[in-house]
>>> print(open('input_2.cif').read())   # mmCIF, C-alpha atoms and all ligand atoms; chains and numbers go by the auth columns
data_target
#
loop_
_atom_site.group_PDB
_atom_site.id
_atom_site.type_symbol
_atom_site.label_atom_id
_atom_site.label_comp_id
_atom_site.label_asym_id
_atom_site.label_seq_id
_atom_site.Cartn_x
_atom_site.Cartn_y
_atom_site.Cartn_z
_atom_site.B_iso_or_equiv
_atom_site.auth_seq_id
_atom_site.auth_asym_id
ATOM 1 C CA THR A 1 0.000 0.000 0.000 0.00 1 A
ATOM 2 C CA HIS A 2 1.232 3.466 -0.818 0.00 2 A
ATOM 3 C CA ILE A 3 -0.312 6.524 0.852 0.00 3 A
ATOM 4 C CA ALA A 4 0.432 10.022 -0.452 0.00 4 A
ATOM 5 C CA ILE A 5 -0.016 12.938 1.940 0.00 5 A
ATOM 6 C CA ILE A 6 -0.144 16.604 0.979 0.00 6 A
ATOM 7 C CA MET A 7 0.740 18.700 4.026 0.00 7 A
ATOM 8 C CA ASP A 8 -1.870 21.323 3.383 0.00 8 A
ATOM 9 C CA GLY A 9 -4.272 23.324 5.548 0.00 9 A
ATOM 10 C CA ASN A 10 -1.713 24.207 8.250 0.00 10 A
ATOM 11 C CA GLY A 11 -2.336 27.926 7.798 0.00 11 A
ATOM 12 C CA ARG A 12 -6.120 27.518 7.931 0.00 12 A
ATOM 13 C CA TRP A 13 -5.831 25.330 11.022 0.00 13 A
ATOM 14 C CA ALA A 14 -3.826 28.071 12.781 0.00 14 A
ATOM 15 C CA LYS A 15 -6.054 30.923 11.595 0.00 15 A
ATOM 16 C CA LYS A 16 -9.142 29.204 12.952 0.00 16 A
ATOM 17 C CA ARG A 17 -7.495 29.163 16.368 0.00 17 A
ATOM 18 C CA GLY A 18 -6.113 32.699 16.197 0.00 18 A
ATOM 19 C CA LEU A 19 -2.544 31.367 16.036 0.00 19 A
ATOM 20 C CA PRO A 20 0.357 32.299 13.709 0.00 20 A
ATOM 21 C CA ARG A 21 0.840 30.176 10.599 0.00 21 A
ATOM 22 C CA SER A 22 4.058 28.755 12.079 0.00 22 A
ATOM 23 C CA ALA A 23 1.958 27.160 14.852 0.00 23 A
ATOM 24 C CA GLY A 24 -0.062 25.430 12.130 0.00 24 A
ATOM 25 C CA HIS A 25 3.108 24.062 10.521 0.00 25 A
ATOM 26 C CA SER A 26 4.335 22.879 13.890 0.00 26 A
ATOM 27 C CA ALA A 27 1.051 21.056 14.549 0.00 27 A
ATOM 28 C CA GLY A 28 1.263 19.599 11.024 0.00 28 A
ATOM 29 C CA ALA A 29 4.750 18.234 11.686 0.00 29 A
ATOM 30 C CA ASP A 30 3.579 16.648 14.984 0.00 30 A
ATOM 31 C CA THR A 31 0.621 15.056 13.223 0.00 31 A
ATOM 32 C CA LEU A 32 2.894 13.698 10.520 0.00 32 A
ATOM 33 C CA LYS A 33 5.038 11.947 13.149 0.00 33 A
ATOM 34 C CA LYS A 34 1.933 10.288 14.603 0.00 34 A
ATOM 35 C CA ILE A 35 0.698 9.229 11.159 0.00 35 A
ATOM 36 C CA VAL A 36 4.060 7.714 10.218 0.00 36 A
ATOM 37 C CA THR A 37 4.247 5.738 13.478 0.00 37 A
ATOM 38 C CA GLU A 38 0.692 4.457 13.063 0.00 38 A
ATOM 39 C CA CYS A 39 1.217 3.549 9.400 0.00 39 A
ATOM 40 C CA ASN A 40 4.318 1.616 10.369 0.00 40 A
ATOM 41 C CA ASN A 41 2.351 -0.243 13.066 0.00 41 A
ATOM 42 C CA MET A 42 -0.293 -1.053 10.478 0.00 42 A
ATOM 43 C CA GLY A 43 2.237 -2.448 8.006 0.00 43 A
ATOM 44 C CA ILE A 44 1.804 0.266 5.333 0.00 44 A
ATOM 45 C CA LYS A 45 4.765 -0.117 2.954 0.00 45 A
ATOM 46 C CA TYR A 46 5.139 3.442 1.599 0.00 46 A
ATOM 47 C CA ILE A 47 4.122 6.958 2.553 0.00 47 A
ATOM 48 C CA THR A 48 4.941 9.876 0.304 0.00 48 A
ATOM 49 C CA VAL A 49 4.748 13.252 1.991 0.00 49 A
ATOM 50 C CA TYR A 50 4.578 16.345 -0.132 0.00 50 A
ATOM 51 C CA ALA A 51 6.141 18.691 2.442 0.00 51 A
ATOM 52 C CA PHE A 52 7.669 21.689 0.641 0.00 52 A
ATOM 53 C CA SER A 53 7.167 22.599 -2.984 0.00 53 A
ATOM 54 C CA THR A 54 9.251 24.710 -5.334 0.00 54 A
ATOM 55 C CA GLU A 55 6.494 27.342 -5.042 0.00 55 A
ATOM 56 C CA ASN A 56 6.721 27.452 -1.242 0.00 56 A
ATOM 57 C CA TRP A 57 9.962 29.498 -1.440 0.00 57 A
ATOM 58 C CA LYS A 58 7.753 32.458 -2.362 0.00 58 A
ATOM 59 C CA ARG A 59 6.257 32.533 1.140 0.00 59 A
ATOM 60 C CA PRO A 60 7.429 35.244 3.573 0.00 60 A
ATOM 61 C CA ASP A 61 10.984 34.690 4.828 0.00 61 A
ATOM 62 C CA ASP A 62 9.945 34.092 8.432 0.00 62 A
ATOM 63 C CA GLU A 63 7.459 31.412 7.345 0.00 63 A
ATOM 64 C CA VAL A 64 10.066 29.635 5.190 0.00 64 A
ATOM 65 C CA SER A 65 12.546 29.767 8.103 0.00 65 A
ATOM 66 C CA SER A 66 9.992 28.345 10.517 0.00 66 A
ATOM 67 C CA ILE A 67 9.314 25.451 8.129 0.00 67 A
ATOM 68 C CA MET A 68 13.065 24.806 7.705 0.00 68 A
ATOM 69 C CA LYS A 69 13.453 24.828 11.498 0.00 69 A
ATOM 70 C CA LEU A 70 10.679 22.237 11.840 0.00 70 A
ATOM 71 C CA LEU A 71 12.372 20.080 9.244 0.00 71 A
ATOM 72 C CA GLU A 72 15.616 20.363 11.136 0.00 72 A
ATOM 73 C CA ASP A 73 13.930 19.345 14.412 0.00 73 A
ATOM 74 C CA TYR A 74 12.262 16.433 12.639 0.00 74 A
ATOM 75 C CA LEU A 75 15.607 15.293 11.249 0.00 75 A
ATOM 76 C CA ARG A 76 17.370 15.710 14.588 0.00 76 A
ATOM 77 C CA ASP A 77 14.907 13.109 15.816 0.00 77 A
ATOM 78 C CA ALA A 78 16.164 10.937 12.982 0.00 78 A
ATOM 79 C CA LYS A 79 17.427 8.212 15.247 0.00 79 A
ATOM 80 C CA ASN A 80 13.720 7.598 15.852 0.00 80 A
ATOM 81 C CA PHE A 81 13.427 6.450 12.248 0.00 81 A
ATOM 82 C CA LYS A 82 15.949 3.721 12.888 0.00 82 A
ATOM 83 C CA ASP A 83 14.533 2.827 16.301 0.00 83 A
ATOM 84 C CA GLU A 84 11.081 2.514 14.805 0.00 84 A
ATOM 85 C CA ASN A 85 12.386 0.569 11.780 0.00 85 A
ATOM 86 C CA ILE A 86 11.204 3.354 9.438 0.00 86 A
ATOM 87 C CA ARG A 87 13.193 4.117 6.291 0.00 87 A
ATOM 88 C CA ALA A 88 13.569 7.776 5.363 0.00 88 A
ATOM 89 C CA ASN A 89 13.986 8.769 1.728 0.00 89 A
ATOM 90 C CA PHE A 90 14.102 12.367 0.484 0.00 90 A
ATOM 91 C CA ILE A 91 13.183 13.417 -3.026 0.00 91 A
ATOM 92 C CA GLY A 92 13.297 16.737 -4.831 0.00 92 A
ATOM 93 C CA ASP A 93 16.068 19.218 -5.541 0.00 93 A
ATOM 94 C CA LEU A 94 17.811 19.466 -2.183 0.00 94 A
ATOM 95 C CA SER A 95 20.595 21.758 -3.439 0.00 95 A
ATOM 96 C CA PRO A 96 19.069 25.068 -2.185 0.00 96 A
ATOM 97 C CA LEU A 97 18.738 23.685 1.357 0.00 97 A
ATOM 98 C CA SER A 98 21.323 24.617 3.980 0.00 98 A
ATOM 99 C CA ASP A 99 24.425 22.416 4.361 0.00 99 A
ATOM 100 C CA GLU A 100 23.200 21.602 7.850 0.00 100 A
ATOM 101 C CA LEU A 101 19.840 20.333 6.577 0.00 101 A
ATOM 102 C CA ARG A 102 21.422 18.369 3.761 0.00 102 A
ATOM 103 C CA SER A 103 23.821 16.599 6.080 0.00 103 A
ATOM 104 C CA LEU A 104 20.968 15.802 8.490 0.00 104 A
ATOM 105 C CA ILE A 105 19.018 14.401 5.540 0.00 105 A
ATOM 106 C CA LYS A 106 21.957 12.228 4.541 0.00 106 A
ATOM 107 C CA GLU A 107 22.348 10.998 8.112 0.00 107 A
ATOM 108 C CA ALA A 108 18.649 10.128 8.314 0.00 108 A
ATOM 109 C CA GLU A 109 18.760 8.284 4.983 0.00 109 A
ATOM 110 C CA ASP A 110 21.994 6.423 5.666 0.00 110 A
ATOM 111 C CA GLY A 111 21.016 5.609 9.239 0.00 111 A
ATOM 112 C CA SER A 112 17.686 4.108 8.219 0.00 112 A
ATOM 113 C CA ALA A 113 18.693 2.480 4.924 0.00 113 A
ATOM 114 C CA ASP A 114 18.308 -1.053 6.316 0.00 114 A
ATOM 115 C CA ALA A 115 14.928 -0.471 7.934 0.00 115 A
ATOM 116 C CA THR A 116 12.282 -2.919 6.777 0.00 116 A
ATOM 117 C CA GLY A 117 9.170 -1.076 8.000 0.00 117 A
ATOM 118 C CA THR A 118 7.426 1.821 6.280 0.00 118 A
ATOM 119 C CA THR A 119 9.451 3.816 3.767 0.00 119 A
ATOM 120 C CA VAL A 120 8.677 7.522 4.099 0.00 120 A
ATOM 121 C CA ASN A 121 9.425 9.506 0.961 0.00 121 A
ATOM 122 C CA ILE A 122 9.626 13.161 1.897 0.00 122 A
ATOM 123 C CA ALA A 123 9.346 15.512 -1.055 0.00 123 A
ATOM 124 C CA LEU A 124 11.213 18.780 -0.493 0.00 124 A
ATOM 125 C CA ASN A 125 11.625 21.566 -3.008 0.00 125 A
ATOM 126 C CA TYR A 126 9.738 19.308 -5.318 0.00 126 A
ATOM 127 C CA GLY A 127 7.762 20.266 -8.376 0.00 127 A
ATOM 128 C CA GLY A 128 6.133 17.899 -10.820 0.00 128 A
ATOM 129 C CA ARG A 129 7.101 19.886 -13.901 0.00 129 A
ATOM 130 C CA ASP A 130 10.774 20.067 -12.858 0.00 130 A
ATOM 131 C CA GLU A 131 10.696 16.381 -12.240 0.00 131 A
ATOM 132 C CA ILE A 132 9.834 15.514 -15.832 0.00 132 A
ATOM 133 C CA VAL A 133 12.713 17.619 -17.091 0.00 133 A
ATOM 134 C CA ARG A 134 15.125 16.085 -14.600 0.00 134 A
ATOM 135 C CA VAL A 135 14.090 12.499 -15.212 0.00 135 A
ATOM 136 C CA ALA A 136 14.289 13.034 -18.951 0.00 136 A
ATOM 137 C CA ALA A 137 17.787 14.471 -18.547 0.00 137 A
ATOM 138 C CA GLN A 138 18.901 11.514 -16.474 0.00 138 A
ATOM 139 C CA LEU A 139 17.542 8.748 -18.682 0.00 139 A
ATOM 140 C CA GLY A 140 19.089 7.962 -22.048 0.00 140 A
ATOM 141 C CA SER A 141 17.605 9.802 -24.988 0.00 141 A
ATOM 142 C CA LEU A 142 15.646 6.771 -26.253 0.00 142 A
ATOM 143 C CA CYS A 143 14.228 6.119 -22.798 0.00 143 A
ATOM 144 C CA ALA A 144 13.512 9.803 -22.385 0.00 144 A
ATOM 145 C CA TYR A 145 11.654 9.829 -25.684 0.00 145 A
ATOM 146 C CA MET A 146 9.530 6.820 -24.705 0.00 146 A
ATOM 147 C CA TYR A 147 8.976 8.259 -21.269 0.00 147 A
ATOM 148 C CA LEU A 148 7.753 11.548 -22.626 0.00 148 A
ATOM 149 C CA LEU A 149 5.641 9.795 -25.239 0.00 149 A
ATOM 150 C CA CYS A 150 3.856 7.762 -22.566 0.00 150 A
ATOM 151 C CA PHE A 151 3.724 10.677 -20.233 0.00 151 A
ATOM 152 C CA GLY A 152 2.705 13.295 -22.755 0.00 152 A
ATOM 153 C CA PHE A 153 -0.998 12.593 -22.539 0.00 153 A
ATOM 154 C CA ILE A 154 -1.093 12.853 -18.782 0.00 154 A
ATOM 155 C CA ALA A 155 1.161 15.904 -18.725 0.00 155 A
ATOM 156 C CA VAL A 156 -1.018 17.718 -21.241 0.00 156 A
ATOM 157 C CA LEU A 157 -4.124 16.926 -19.231 0.00 157 A
ATOM 158 C CA PHE A 158 -2.634 18.436 -16.105 0.00 158 A
ATOM 159 C CA LEU A 159 -0.984 21.329 -17.899 0.00 159 A
ATOM 160 C CA LEU A 160 -4.392 22.306 -19.207 0.00 160 A
ATOM 161 C CA ARG A 161 -5.523 22.555 -15.624 0.00 161 A
ATOM 162 C CA ALA A 162 -2.801 25.128 -15.017 0.00 162 A
ATOM 163 C CA TYR A 163 -5.047 27.740 -16.577 0.00 163 A
ATOM 164 C CA GLY A 164 -8.097 26.782 -14.573 0.00 164 A
ATOM 165 C CA PRO A 165 -9.039 27.031 -10.907 0.00 165 A
ATOM 166 C CA GLY A 166 -7.159 23.804 -10.134 0.00 166 A
ATOM 167 C CA SER A 167 -3.768 25.355 -10.901 0.00 167 A
ATOM 168 C CA ARG A 168 -2.492 24.935 -7.350 0.00 168 A
ATOM 169 C CA LEU A 169 -2.989 21.195 -7.761 0.00 169 A
ATOM 170 C CA LEU A 170 -0.949 20.943 -10.935 0.00 170 A
ATOM 171 C CA ASN A 171 2.409 20.111 -9.426 0.00 171 A
ATOM 172 C CA VAL A 172 0.953 17.802 -6.880 0.00 172 A
ATOM 173 C CA LEU A 173 -1.070 15.765 -9.330 0.00 173 A
ATOM 174 C CA LEU A 174 1.806 15.499 -11.714 0.00 174 A
ATOM 175 C CA SER A 175 4.052 14.289 -8.936 0.00 175 A
ATOM 176 C CA ILE A 176 1.537 11.732 -7.854 0.00 176 A
ATOM 177 C CA ALA A 177 1.248 10.578 -11.457 0.00 177 A
ATOM 178 C CA VAL A 178 5.025 10.150 -11.502 0.00 178 A
ATOM 179 C CA PHE A 179 4.842 7.953 -8.433 0.00 179 A
ATOM 180 C CA PHE A 180 2.097 5.736 -9.697 0.00 180 A
ATOM 181 C CA ILE A 181 2.906 5.516 -13.353 0.00 181 A
ATOM 182 C CA LEU A 182 6.664 5.276 -13.342 0.00 182 A
ATOM 183 C CA PRO A 183 7.724 4.368 -9.810 0.00 183 A
ATOM 184 C CA GLN A 184 11.184 3.348 -10.976 0.00 184 A
ATOM 185 C CA ALA A 185 11.762 6.972 -11.982 0.00 185 A
ATOM 186 C CA VAL A 186 11.975 7.795 -8.301 0.00 186 A
ATOM 187 C CA VAL A 187 15.092 5.647 -8.051 0.00 187 A
ATOM 188 C CA TYR A 188 16.873 7.923 -10.497 0.00 188 A
ATOM 189 C CA LEU A 189 16.026 11.193 -8.751 0.00 189 A
HETATM 190 C C1 LIG B . 1.088 23.874 3.508 0.00 201 A
HETATM 191 O O1 LIG B . 0.130 24.452 4.372 0.00 201 A
HETATM 192 C C2 LIG B . 2.251 23.391 4.254 0.00 201 A
HETATM 193 C C3 LIG B . 3.528 23.803 4.036 0.00 201 A
HETATM 194 C C4 LIG B . 3.877 24.781 3.003 0.00 201 A
HETATM 195 C C5 LIG B . 4.682 23.326 4.840 0.00 201 A
HETATM 196 C C6 LIG B . 4.547 21.964 5.481 0.00 201 A
HETATM 197 C C7 LIG B . 5.867 21.590 6.062 0.00 201 A
HETATM 198 C C8 LIG B . 6.102 21.428 7.361 0.00 201 A
HETATM 199 C C9 LIG B . 5.056 21.480 8.409 0.00 201 A
HETATM 200 C C10 LIG B . 7.526 21.206 7.811 0.00 201 A
HETATM 201 C C11 LIG B . 7.719 19.925 8.484 0.00 201 A
HETATM 202 C C12 LIG B . 7.861 18.835 7.496 0.00 201 A
HETATM 203 C C13 LIG B . 8.190 17.615 7.860 0.00 201 A
HETATM 204 C C14 LIG B . 8.377 16.591 6.811 0.00 201 A
HETATM 205 C C15 LIG B . 8.357 17.261 9.270 0.00 201 A
HETATM 206 P P1 LIG B . -0.455 25.880 4.025 0.00 201 A
HETATM 207 O O2 LIG B . 0.373 26.903 4.700 0.00 201 A
HETATM 208 O O3 LIG B . -0.554 26.001 2.533 0.00 201 A
HETATM 209 O O4 LIG B . -1.849 25.863 4.662 0.00 201 A
HETATM 210 P P2 LIG B . -3.147 26.552 4.041 0.00 201 A
HETATM 211 O O5 LIG B . -3.520 25.748 2.831 0.00 201 A
HETATM 212 O O6 LIG B . -4.152 26.454 5.138 0.00 201 A
HETATM 213 O O7 LIG B . -2.784 27.969 3.714 0.00 201 A
#
>>> encode(input="input_2.cif", output="structure tokens")
Amino acid sequence: THIAIIMDGNGRWAKKRGLPRSAGHSAGADTLKKIVTECNNMGIKYITVYAFSTENWKRPDDEVSSIMKLLEDYLRDAKNFKDENIRANFIGDLSPLSDELRSLIKEAEDGSADATGTTVNIALNYGGRDEIVRVAAQLGSLCAYMYLLCFGFIAVLFLLRAYGPGSRLLNVLLSIAVFFILPQAVVYL
């Protein structure tokens, strides 16, 4: 079983309670920990968490910093992954993240590589459209051609949505399509 989670609604959750948006993100991160533990207890094989998109950099600086801080705290707890037999796997373009975060990510991945419980794919700085370009660049040209041929229909469908009210969903849906339609692509990212 593979469950995909979009970490959305944190801001609305906080607003409803008269709290700052950062409090919503913090509550979201706590909830994620509980979900991952429960999924592992239930024997769910994969969880993919869409945590921070390429678009999220456009948020106010203090909000981006509070999200990065939460990620750091989450990763500092990384030994919990290993203790709970949870495998952590990060996807997306991690290059703009701080050196500190990237080394914590590496530690979490390396430290949990042998875990046999739930694999948690955490998508950071991840955008579906970028992904197609990157995968195509990494596969050979013939593969890339076939990939794009197969993928073209789906991509066009979602790209059309970019002009409609569902535009915010575009990246997310495309990413999910990548996971379901060409799971092996994830290996190359
Ligand atoms: C979207 O909610 C959520 C985010 C942009 C950030 C979510 C990331 C974290 C909470 C960091 C921790 C991550 C991990 C993996 C521990 P929103 O602000 O768009 O909410 P809204 O839709 O109500 O405005």
>>> residues_near_ligand(input="input_2.cif", ligand="ligand LIG 201 (chain A)", cutoff="6 Å", atoms="all atoms listed in the file", output="number ranges by chain")
A: 7-12, 25-26, 28-29, 51-52, 56, 67, 70-71, 74
>>> residues_around(input="input_2.cif", residues="Asp77 (chain A)", least_positions_apart="3", cutoff="12 Å", atoms="only C-alpha atoms", output="VMD selection string")
chain A and resid 30 33 70 to 74 80 to 84 88 104 to 105 107 to 108 111
>>> residues_around(input="input_2.cif", residues="Gly117 (chain A)", least_positions_apart="4", cutoff="10 Å", atoms="all atoms listed in the file", output="count of residues only")
15
>>> closest_residue(input="input_2.cif", among="A:Val120, A:Leu75, A:Ala27, A:Val49", to="Ile6 (chain A)", atoms="only C-alpha atoms")
A:Val49
>>> resolve_selection(input="input_2.cif", expression="the PyMOL selection byres (((chain A and resi 54) around 7) and not hetatm)", output="count of residues only")
8
>>> closest_residue(input="input_2.cif", among="A:Ile91, A:Val64, A:Leu32, A:Ala14", to="Leu124 (chain A)", atoms="all atoms listed in the file")
A:Ile91
>>> atom_distance(input="input_2.cif", atom1="CA of Ile122 (chain A)", atom2="CA of Thr48 (chain A)")
5.9 Å
>>> atom_distance(input="input_2.cif", atom1="CA of Ile3 (chain A)", atom2="CA of Ser103 (chain A)")
26.7 Å
>>> closest_residue(input="input_2.cif", among="A:Trp13, A:Gly24, A:His2, A:Asp61", to="Thr119 (chain A)", atoms="all atoms listed in the file")
A:His2
>>> atom_distance(input="input_2.cif", atom1="CA of Lys106 (chain A)", atom2="CA of Arg76 (chain A)")
11.6 Å
>>> closest_residue(input="input_2.cif", among="A:Leu101, A:Phe90, A:Tyr50, A:Pro60", to="Arg21 (chain A)", atoms="all atoms listed in the file")
A:Pro60
>>> closest_residue(input="input_2.cif", among="A:Ala4, A:Ser22, A:Gly92, A:Asp99", to="Arg59 (chain A)", atoms="all atoms listed in the file")
A:Ser22
>>> build_atoms(input="input_2.cif", residues="region 50-62 of chain A", atoms="N, CA and C atoms", output="mmCIF file, in the frame of the given file")
data_model
loop_
_atom_site.group_PDB
_atom_site.id
_atom_site.type_symbol
_atom_site.label_atom_id
_atom_site.label_comp_id
_atom_site.auth_asym_id
_atom_site.auth_seq_id
_atom_site.Cartn_x
_atom_site.Cartn_y
_atom_site.Cartn_z
ATOM 1 N N TYR A 50 4.259 15.175 0.667
ATOM 2 C CA TYR A 50 4.578 16.345 -0.132
ATOM 3 C C TYR A 50 4.717 17.506 0.849
ATOM 4 N N ALA A 51 5.945 17.779 1.314
ATOM 5 C CA ALA A 51 6.141 18.691 2.442
ATOM 6 C C ALA A 51 6.457 20.126 2.042
ATOM 7 N N PHE A 52 7.262 20.313 0.998
ATOM 8 C CA PHE A 52 7.669 21.689 0.641
ATOM 9 C C PHE A 52 7.877 21.737 -0.864
ATOM 10 N N SER A 53 7.098 22.577 -1.520
ATOM 11 C CA SER A 53 7.167 22.599 -2.984
ATOM 12 C C SER A 53 8.102 23.704 -3.471
ATOM 13 N N THR A 54 8.412 23.659 -4.740
ATOM 14 C CA THR A 54 9.251 24.710 -5.334
ATOM 15 C C THR A 54 8.573 26.082 -5.163
ATOM 16 N N GLU A 55 7.243 26.078 -5.184
ATOM 17 C CA GLU A 55 6.494 27.342 -5.042
ATOM 18 C C GLU A 55 6.565 27.898 -3.619
ATOM 19 N N ASN A 56 6.756 27.014 -2.649
ATOM 20 C CA ASN A 56 6.721 27.452 -1.242
ATOM 21 C C ASN A 56 7.836 28.428 -0.876
ATOM 22 N N TRP A 57 8.898 28.518 -1.707
ATOM 23 C CA TRP A 57 9.962 29.498 -1.440
ATOM 24 C C TRP A 57 9.435 30.922 -1.496
ATOM 25 N N LYS A 58 8.300 31.098 -2.198
ATOM 26 C CA LYS A 58 7.753 32.458 -2.362
ATOM 27 C C LYS A 58 7.050 32.949 -1.098
ATOM 28 N N ARG A 59 6.911 32.107 -0.112
ATOM 29 C CA ARG A 59 6.257 32.533 1.140
ATOM 30 C C ARG A 59 7.157 33.510 1.889
ATOM 31 N N PRO A 60 6.594 34.291 2.822
ATOM 32 C CA PRO A 60 7.429 35.244 3.573
ATOM 33 C C PRO A 60 8.618 34.538 4.230
ATOM 34 N N ASP A 61 9.741 35.280 4.313
ATOM 35 C CA ASP A 61 10.984 34.690 4.828
ATOM 36 C C ASP A 61 10.815 34.012 6.181
ATOM 37 N N ASP A 62 10.055 34.679 7.087
ATOM 38 C CA ASP A 62 9.945 34.092 8.432
ATOM 39 C C ASP A 62 9.162 32.784 8.394
#
